[in-house]
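Below is coords-v3.tsv, which holds TSV, C-alpha atoms.
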chain	number	residue	atom	x	y	z
A	1	SER	CA	112.45	29.67	189.50
A	2	SER	CA	113.06	26.37	191.37
A	3	GLY	CA	109.98	24.48	190.29
A	4	ILE	CA	108.03	24.98	193.54
A	5	ASN	CA	104.43	26.12	193.23
A	6	ALA	CA	104.32	29.92	192.98
A	7	GLU	CA	101.65	30.16	195.65
A	8	TRP	CA	104.03	28.94	198.32
A	9	PRO	CA	106.53	31.44	199.60
A	10	LEU	CA	110.20	30.68	198.95
A	11	ARG	CA	112.27	29.40	201.80
A	12	PRO	CA	115.26	31.50	202.75
A	13	GLY	CA	117.79	29.05	201.30
A	14	GLU	CA	116.03	28.69	197.98
A	15	ARG	CA	116.77	32.26	196.95
A	16	SER	CA	120.49	31.79	197.27
A	17	VAL	CA	120.30	28.48	195.34
A	18	ASP	CA	118.43	30.23	192.49
A	19	ALA	CA	120.95	33.05	192.45
A	20	TYR	CA	123.82	30.55	192.38
A	21	ARG	CA	122.21	28.66	189.46
A	22	GLU	CA	121.71	31.87	187.46
A	23	SER	CA	125.29	32.94	188.15
A	24	TYR	CA	126.62	29.51	187.15
A	25	THR	CA	124.52	29.49	183.96
A	26	ALA	CA	125.75	32.98	183.02
A	27	ASP	CA	129.37	31.98	183.67
A	28	THR	CA	128.97	28.81	181.62
A	29	LYS	CA	127.44	30.75	178.73
A	30	GLY	CA	130.28	33.28	178.88
A	31	GLU	CA	132.89	30.50	178.86
A	32	LYS	CA	131.19	28.80	175.89
A	33	LEU	CA	131.07	32.11	174.03
A	34	ALA	CA	134.75	32.76	174.72
A	35	GLU	CA	135.64	29.22	173.57
A	36	ARG	CA	133.61	29.71	170.37
A	37	ARG	CA	135.39	33.02	169.71
A	38	ARG	CA	138.80	31.37	170.19
A	39	THR	CA	137.85	28.58	167.76
A	40	LEU	CA	136.64	31.07	165.16
A	41	ALA	CA	139.80	33.19	165.58
A	42	GLU	CA	141.95	30.10	164.97
A	43	LEU	CA	139.94	29.21	161.84
A	44	LEU	CA	140.27	32.76	160.54
A	45	GLN	CA	144.01	32.76	161.19
A	46	HIS	CA	144.36	29.41	159.39
A	47	GLU	CA	142.37	30.70	156.37
A	48	ASN	CA	144.51	33.85	156.26
A	49	MET	CA	147.66	31.73	156.21
A	50	LEU	CA	146.26	29.63	153.34
A	51	TYR	CA	145.28	32.78	151.44
A	52	GLN	CA	148.71	34.36	151.91
A	53	SER	CA	150.37	31.13	150.75
A	54	GLU	CA	148.13	30.98	147.68
A	55	LEU	CA	148.85	34.63	146.92
A	56	ARG	CA	152.63	34.04	147.15
A	57	ASN	CA	152.33	31.02	144.86
A	58	SER	CA	150.37	33.02	142.29
A	59	ARG	CA	153.07	35.70	142.33
A	60	LEU	CA	155.64	33.04	141.65
A	61	ASN	CA	153.58	31.87	138.66
A	62	PRO	CA	153.89	34.81	136.23
A	63	GLY	CA	151.62	33.20	133.63
A	64	ILE	CA	148.55	33.53	135.79
A	65	MET	CA	149.40	37.09	136.78
A	66	GLY	CA	150.16	37.97	133.15
A	67	ASP	CA	146.82	36.55	132.03
A	68	MET	CA	145.01	38.47	134.74
A	69	SER	CA	146.91	41.63	133.86
A	70	ASP	CA	146.04	41.21	130.19
A	71	ARG	CA	142.40	40.68	131.09
A	72	VAL	CA	142.35	43.79	133.28
A	73	THR	CA	143.95	45.82	130.48
A	74	TYR	CA	141.45	44.50	127.94
A	75	LEU	CA	138.50	45.30	130.21
A	76	ARG	CA	139.82	48.82	130.85
A	77	GLU	CA	140.22	49.40	127.11
A	78	GLN	CA	136.69	48.17	126.43
A	79	LYS	CA	135.33	50.39	129.16
A	80	GLU	CA	137.20	53.39	127.73
A	81	ILE	CA	135.91	52.67	124.21
A	82	GLN	CA	132.36	52.45	125.54
A	83	ARG	CA	132.81	55.67	127.52
A	84	LYS	CA	134.10	57.51	124.45
A	85	LYS	CA	131.21	56.22	122.34
A	86	ILE	CA	128.67	57.43	124.89
A	87	ALA	CA	130.42	60.79	125.21
A	88	GLU	CA	130.42	61.23	121.42
A	89	GLU	CA	126.70	60.40	121.22
A	90	LYS	CA	125.93	62.88	123.99
A	91	MET	CA	128.00	65.56	122.23
A	92	LYS	CA	126.15	64.98	118.95
A	93	GLN	CA	122.82	65.15	120.74
A	94	HIS	CA	123.90	68.34	122.51
A	95	LEU	CA	124.92	69.92	119.21
A	96	ARG	CA	121.68	68.86	117.56
A	97	LEU	CA	119.67	70.44	120.34
A	98	ASN	CA	121.75	73.53	121.04
A	99	ALA	CA	123.37	74.58	117.74
A	100	PRO	CA	120.80	76.57	115.71
A	101	GLU	CA	122.98	76.55	112.56
A	102	LEU	CA	123.26	72.79	112.62
A	103	ARG	CA	119.55	72.40	113.40
A	104	ASN	CA	118.68	74.70	110.46
A	105	LEU	CA	121.07	72.84	108.18
A	106	ASN	CA	119.51	69.49	109.13
A	107	SER	CA	116.05	70.96	108.66
A	108	ASN	CA	116.93	72.31	105.20
A	109	MET	CA	118.47	69.00	104.16
A	110	LEU	CA	115.34	67.17	105.27
A	111	LYS	CA	113.14	69.64	103.35
A	112	GLN	CA	115.21	69.12	100.22
A	113	GLU	CA	114.95	65.34	100.55
A	114	VAL	CA	111.17	65.57	100.97
A	115	GLN	CA	110.82	67.95	98.02
A	116	GLN	CA	113.01	65.70	95.88
A	117	GLY	CA	110.79	62.78	96.84
A	118	TRP	CA	107.66	64.74	95.88
A	119	THR	CA	109.20	65.74	92.56
A	120	THR	CA	110.11	62.13	91.84
A	121	GLN	CA	106.60	61.01	92.76
A	122	ARG	CA	105.02	63.65	90.53
A	123	ALA	CA	107.24	62.64	87.63
A	124	GLN	CA	106.38	58.96	88.13
A	125	ASN	CA	102.67	59.76	88.35
A	126	SER	CA	102.84	61.89	85.18
A	127	GLN	CA	104.67	59.13	83.37
A	128	ARG	CA	102.09	56.56	84.49
A	129	GLN	CA	99.26	58.83	83.34
A	130	GLU	CA	100.94	59.33	79.96
A	131	GLU	CA	101.40	55.58	79.61
A	132	LYS	CA	97.72	55.03	80.46
A	133	LYS	CA	96.68	57.67	77.92
A	134	GLN	CA	98.91	56.04	75.31
A	135	GLU	CA	97.44	52.60	76.05
A	136	LYS	CA	93.90	53.99	75.88
A	137	LEU	CA	94.67	55.72	72.58
A	138	GLU	CA	96.15	52.50	71.18
A	139	GLU	CA	93.04	50.61	72.29
A	140	ILE	CA	90.79	53.17	70.59
A	141	ILE	CA	92.88	52.99	67.40
A	142	GLU	CA	92.77	49.20	67.47
A	143	GLU	CA	88.98	49.25	67.97
A	144	GLU	CA	88.61	51.69	65.04
A	145	ARG	CA	90.78	49.47	62.85
A	146	ALA	CA	88.67	46.45	63.84
A	147	LYS	CA	85.49	48.37	62.94
A	148	ILE	CA	86.96	49.44	59.57
A	149	ARG	CA	88.04	45.83	58.81
A	150	TYR	CA	84.61	44.58	59.75
A	151	GLN	CA	82.96	47.19	57.55
A	152	LEU	CA	85.31	46.40	54.65
A	153	GLU	CA	84.59	42.69	54.97
A	154	ARG	CA	80.83	43.35	54.96
A	155	LYS	CA	81.17	45.54	51.89
A	156	GLU	CA	83.19	42.85	50.13
A	157	GLN	CA	80.60	40.24	51.09
A	158	GLU	CA	77.76	42.47	49.81
A	159	GLU	CA	79.62	43.11	46.56
A	160	GLU	CA	80.20	39.37	46.12
A	161	ARG	CA	76.48	38.72	46.67
A	162	ARG	CA	75.60	41.36	44.13
A	163	ALA	CA	78.05	39.94	41.70
A	164	ASP	CA	76.56	36.47	41.98
Could you show the structure in this file as structure tokens?
Amino acid sequence: SSGINAEWPLRPGERSVDAYRESYTADTKGEKLAERRRTLAELLQHENMLYQSELRNSRLNPGIMGDMSDRVTYLREQKEIQRKKIAEEKMKQHLRLNAPELRNLNSNMLKQEVQQGWTTQRAQNSQRQEEKKQEKLEEIIEEERAKIRYQLERKEQEEERRAD
């Protein structure tokens, strides 16, 4: 309260002085708040006037509005394209999941592709095996020819020795 030690009782006049101070402080705070509100209202009104003026000027400048309108149109078109793409994907997914004929058709096509792949692999493997057999056979034939040549050369050498 008034700064007097709390142990001492207040004098009769001190209570009214404290009440007056509190009342004055509350009134002063209220006045300051009202003044602040008036200042803020004036600032807001001034900003609104500037905004309205800027808006009128932009309406008078059709280039800016045309550019903005073109941009809005472009963005709407892009959004619509994206929406259609998503809707189409969802429809395809729905058909894949819920249309048994389509699911069976896809399954059969996949089976055929796998079987075709197996057939191709088998044919390639058979061809490789045939090529390996052919190479092995050619090696055996070449070895036999080499043996025969060697034997013929030895016979010729023995005959030459006998002839000498």
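Straight-line separation from atom CA of Lys136 of chain A to atom CA of Thr120 of chain A: 24.2 Å.
The space separating atom CA of Leu105 of chain A from atom CA of Glu89 of chain A comes to 18.9 Å.
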As a check of understanding: the span from atom CA of Glu54 of chain A to atom CA of Ser69 of chain A is 17.5 Å
Write only all heavy atoms for segment 27-40 of chain A from the block just shown, as an mmCIF file, in the first residue's frame.
data_model
loop_
_atom_site.group_PDB
_atom_site.id
_atom_site.type_symbol
_atom_site.label_atom_id
_atom_site.label_comp_id
_atom_site.auth_asym_id
_atom_site.auth_seq_id
_atom_site.Cartn_x
_atom_site.Cartn_y
_atom_site.Cartn_z
ATOM 1 N N ASP A 27 -7.768 4.928 -13.929
ATOM 2 C CA ASP A 27 -8.247 5.893 -14.931
ATOM 3 C C ASP A 27 -7.158 6.203 -15.949
ATOM 4 O O ASP A 27 -7.408 6.286 -17.152
ATOM 5 C CB ASP A 27 -8.694 7.197 -14.242
ATOM 6 C CG ASP A 27 -9.982 7.033 -13.456
ATOM 7 O OD1 ASP A 27 -10.679 6.018 -13.701
ATOM 8 O OD2 ASP A 27 -10.280 7.893 -12.613
ATOM 9 N N THR A 28 -5.931 6.375 -15.473
ATOM 10 C CA THR A 28 -4.816 6.692 -16.360
ATOM 11 C C THR A 28 -4.578 5.526 -17.327
ATOM 12 O O THR A 28 -4.379 5.741 -18.531
ATOM 13 C CB THR A 28 -3.536 6.957 -15.540
ATOM 14 O OG1 THR A 28 -3.795 7.980 -14.595
ATOM 15 C CG2 THR A 28 -2.392 7.367 -16.437
ATOM 16 N N LYS A 29 -4.605 4.309 -16.814
ATOM 17 C CA LYS A 29 -4.425 3.145 -17.675
ATOM 18 C C LYS A 29 -5.532 3.066 -18.711
ATOM 19 O O LYS A 29 -5.289 2.760 -19.879
ATOM 20 C CB LYS A 29 -4.403 1.850 -16.852
ATOM 21 C CG LYS A 29 -3.127 1.642 -16.083
ATOM 22 C CD LYS A 29 -3.167 0.334 -15.325
ATOM 23 C CE LYS A 29 -1.910 0.120 -14.509
ATOM 24 N NZ LYS A 29 -1.977 -1.119 -13.714
ATOM 25 N N GLY A 30 -6.754 3.327 -18.315
ATOM 26 C CA GLY A 30 -7.885 3.307 -19.245
ATOM 27 C C GLY A 30 -7.729 4.344 -20.336
ATOM 28 O O GLY A 30 -8.002 4.094 -21.510
ATOM 29 N N GLU A 31 -7.273 5.572 -19.937
ATOM 30 C CA GLU A 31 -7.079 6.638 -20.917
ATOM 31 C C GLU A 31 -5.965 6.267 -21.904
ATOM 32 O O GLU A 31 -6.080 6.500 -23.104
ATOM 33 C CB GLU A 31 -6.737 7.942 -20.205
ATOM 34 C CG GLU A 31 -7.910 8.556 -19.476
ATOM 35 C CD GLU A 31 -7.501 9.766 -18.650
ATOM 36 O OE1 GLU A 31 -6.326 10.204 -18.753
ATOM 37 O OE2 GLU A 31 -8.357 10.267 -17.907
ATOM 38 N N LYS A 32 -4.880 5.689 -21.377
ATOM 39 C CA LYS A 32 -3.767 5.283 -22.246
ATOM 40 C C LYS A 32 -4.223 4.196 -23.218
ATOM 41 O O LYS A 32 -3.858 4.206 -24.393
ATOM 42 C CB LYS A 32 -2.589 4.783 -21.414
ATOM 43 C CG LYS A 32 -1.844 5.895 -20.710
ATOM 44 C CD LYS A 32 -0.659 5.347 -19.939
ATOM 45 C CE LYS A 32 0.090 6.459 -19.226
ATOM 46 N NZ LYS A 32 1.226 5.939 -18.444
ATOM 47 N N LEU A 33 -5.029 3.270 -22.725
ATOM 48 C CA LEU A 33 -5.543 2.201 -23.587
ATOM 49 C C LEU A 33 -6.436 2.778 -24.674
ATOM 50 O O LEU A 33 -6.329 2.410 -25.845
ATOM 51 C CB LEU A 33 -6.313 1.164 -22.749
ATOM 52 C CG LEU A 33 -6.883 -0.025 -23.499
ATOM 53 C CD1 LEU A 33 -5.758 -0.828 -24.161
ATOM 54 C CD2 LEU A 33 -7.673 -0.923 -22.552
ATOM 55 N N ALA A 34 -7.300 3.708 -24.311
ATOM 56 C CA ALA A 34 -8.196 4.330 -25.290
ATOM 57 C C ALA A 34 -7.380 5.099 -26.332
ATOM 58 O O ALA A 34 -7.679 5.038 -27.530
ATOM 59 C CB ALA A 34 -9.193 5.249 -24.583
ATOM 60 N N GLU A 35 -6.344 5.825 -25.866
ATOM 61 C CA GLU A 35 -5.495 6.570 -26.797
ATOM 62 C C GLU A 35 -4.784 5.622 -27.758
ATOM 63 O O GLU A 35 -4.697 5.866 -28.952
ATOM 64 C CB GLU A 35 -4.466 7.400 -26.006
ATOM 65 C CG GLU A 35 -3.513 8.209 -26.865
ATOM 66 C CD GLU A 35 -4.206 9.246 -27.727
ATOM 67 O OE1 GLU A 35 -5.269 9.770 -27.330
ATOM 68 O OE2 GLU A 35 -3.708 9.517 -28.834
ATOM 69 N N ARG A 36 -4.284 4.503 -27.250
ATOM 70 C CA ARG A 36 -3.609 3.503 -28.080
ATOM 71 C C ARG A 36 -4.573 2.935 -29.114
ATOM 72 O O ARG A 36 -4.216 2.753 -30.284
ATOM 73 C CB ARG A 36 -3.054 2.385 -27.182
ATOM 74 C CG ARG A 36 -2.356 1.284 -27.900
ATOM 75 C CD ARG A 36 -0.969 1.696 -28.314
ATOM 76 N NE ARG A 36 -0.300 0.564 -28.941
ATOM 77 C CZ ARG A 36 0.456 0.657 -30.007
ATOM 78 N NH1 ARG A 36 0.688 1.828 -30.529
ATOM 79 N NH2 ARG A 36 1.014 -0.400 -30.524
ATOM 80 N N ARG A 37 -5.797 2.653 -28.703
ATOM 81 C CA ARG A 37 -6.812 2.139 -29.633
ATOM 82 C C ARG A 37 -7.116 3.146 -30.730
ATOM 83 O O ARG A 37 -7.273 2.779 -31.899
ATOM 84 C CB ARG A 37 -8.088 1.778 -28.880
ATOM 85 C CG ARG A 37 -7.973 0.502 -28.106
ATOM 86 C CD ARG A 37 -9.255 0.150 -27.424
ATOM 87 N NE ARG A 37 -9.138 -1.103 -26.686
ATOM 88 C CZ ARG A 37 -9.960 -1.508 -25.758
ATOM 89 N NH1 ARG A 37 -11.018 -0.759 -25.439
ATOM 90 N NH2 ARG A 37 -9.770 -2.654 -25.146
ATOM 91 N N ARG A 38 -7.224 4.432 -30.357
ATOM 92 C CA ARG A 38 -7.481 5.468 -31.371
ATOM 93 C C ARG A 38 -6.335 5.522 -32.377
ATOM 94 O O ARG A 38 -6.541 5.592 -33.587
ATOM 95 C CB ARG A 38 -7.665 6.833 -30.698
ATOM 96 C CG ARG A 38 -9.060 7.095 -30.161
ATOM 97 C CD ARG A 38 -9.242 8.567 -29.775
ATOM 98 N NE ARG A 38 -8.367 8.955 -28.669
ATOM 99 C CZ ARG A 38 -8.656 8.797 -27.380
ATOM 100 N NH1 ARG A 38 -9.798 8.244 -27.029
ATOM 101 N NH2 ARG A 38 -7.809 9.192 -26.456
ATOM 102 N N THR A 39 -5.093 5.468 -31.880
ATOM 103 C CA THR A 39 -3.924 5.519 -32.761
ATOM 104 C C THR A 39 -3.921 4.328 -33.719
ATOM 105 O O THR A 39 -3.697 4.476 -34.925
ATOM 106 C CB THR A 39 -2.622 5.517 -31.924
ATOM 107 O OG1 THR A 39 -2.664 6.590 -31.000
ATOM 108 C CG2 THR A 39 -1.401 5.647 -32.819
ATOM 109 N N LEU A 40 -4.201 3.146 -33.177
ATOM 110 C CA LEU A 40 -4.230 1.948 -34.023
ATOM 111 C C LEU A 40 -5.359 2.019 -35.054
ATOM 112 O O LEU A 40 -5.189 1.609 -36.203
ATOM 113 C CB LEU A 40 -4.366 0.685 -33.171
ATOM 114 C CG LEU A 40 -3.122 0.315 -32.355
ATOM 115 C CD1 LEU A 40 -3.446 -0.857 -31.432
ATOM 116 C CD2 LEU A 40 -1.965 -0.029 -33.261
#
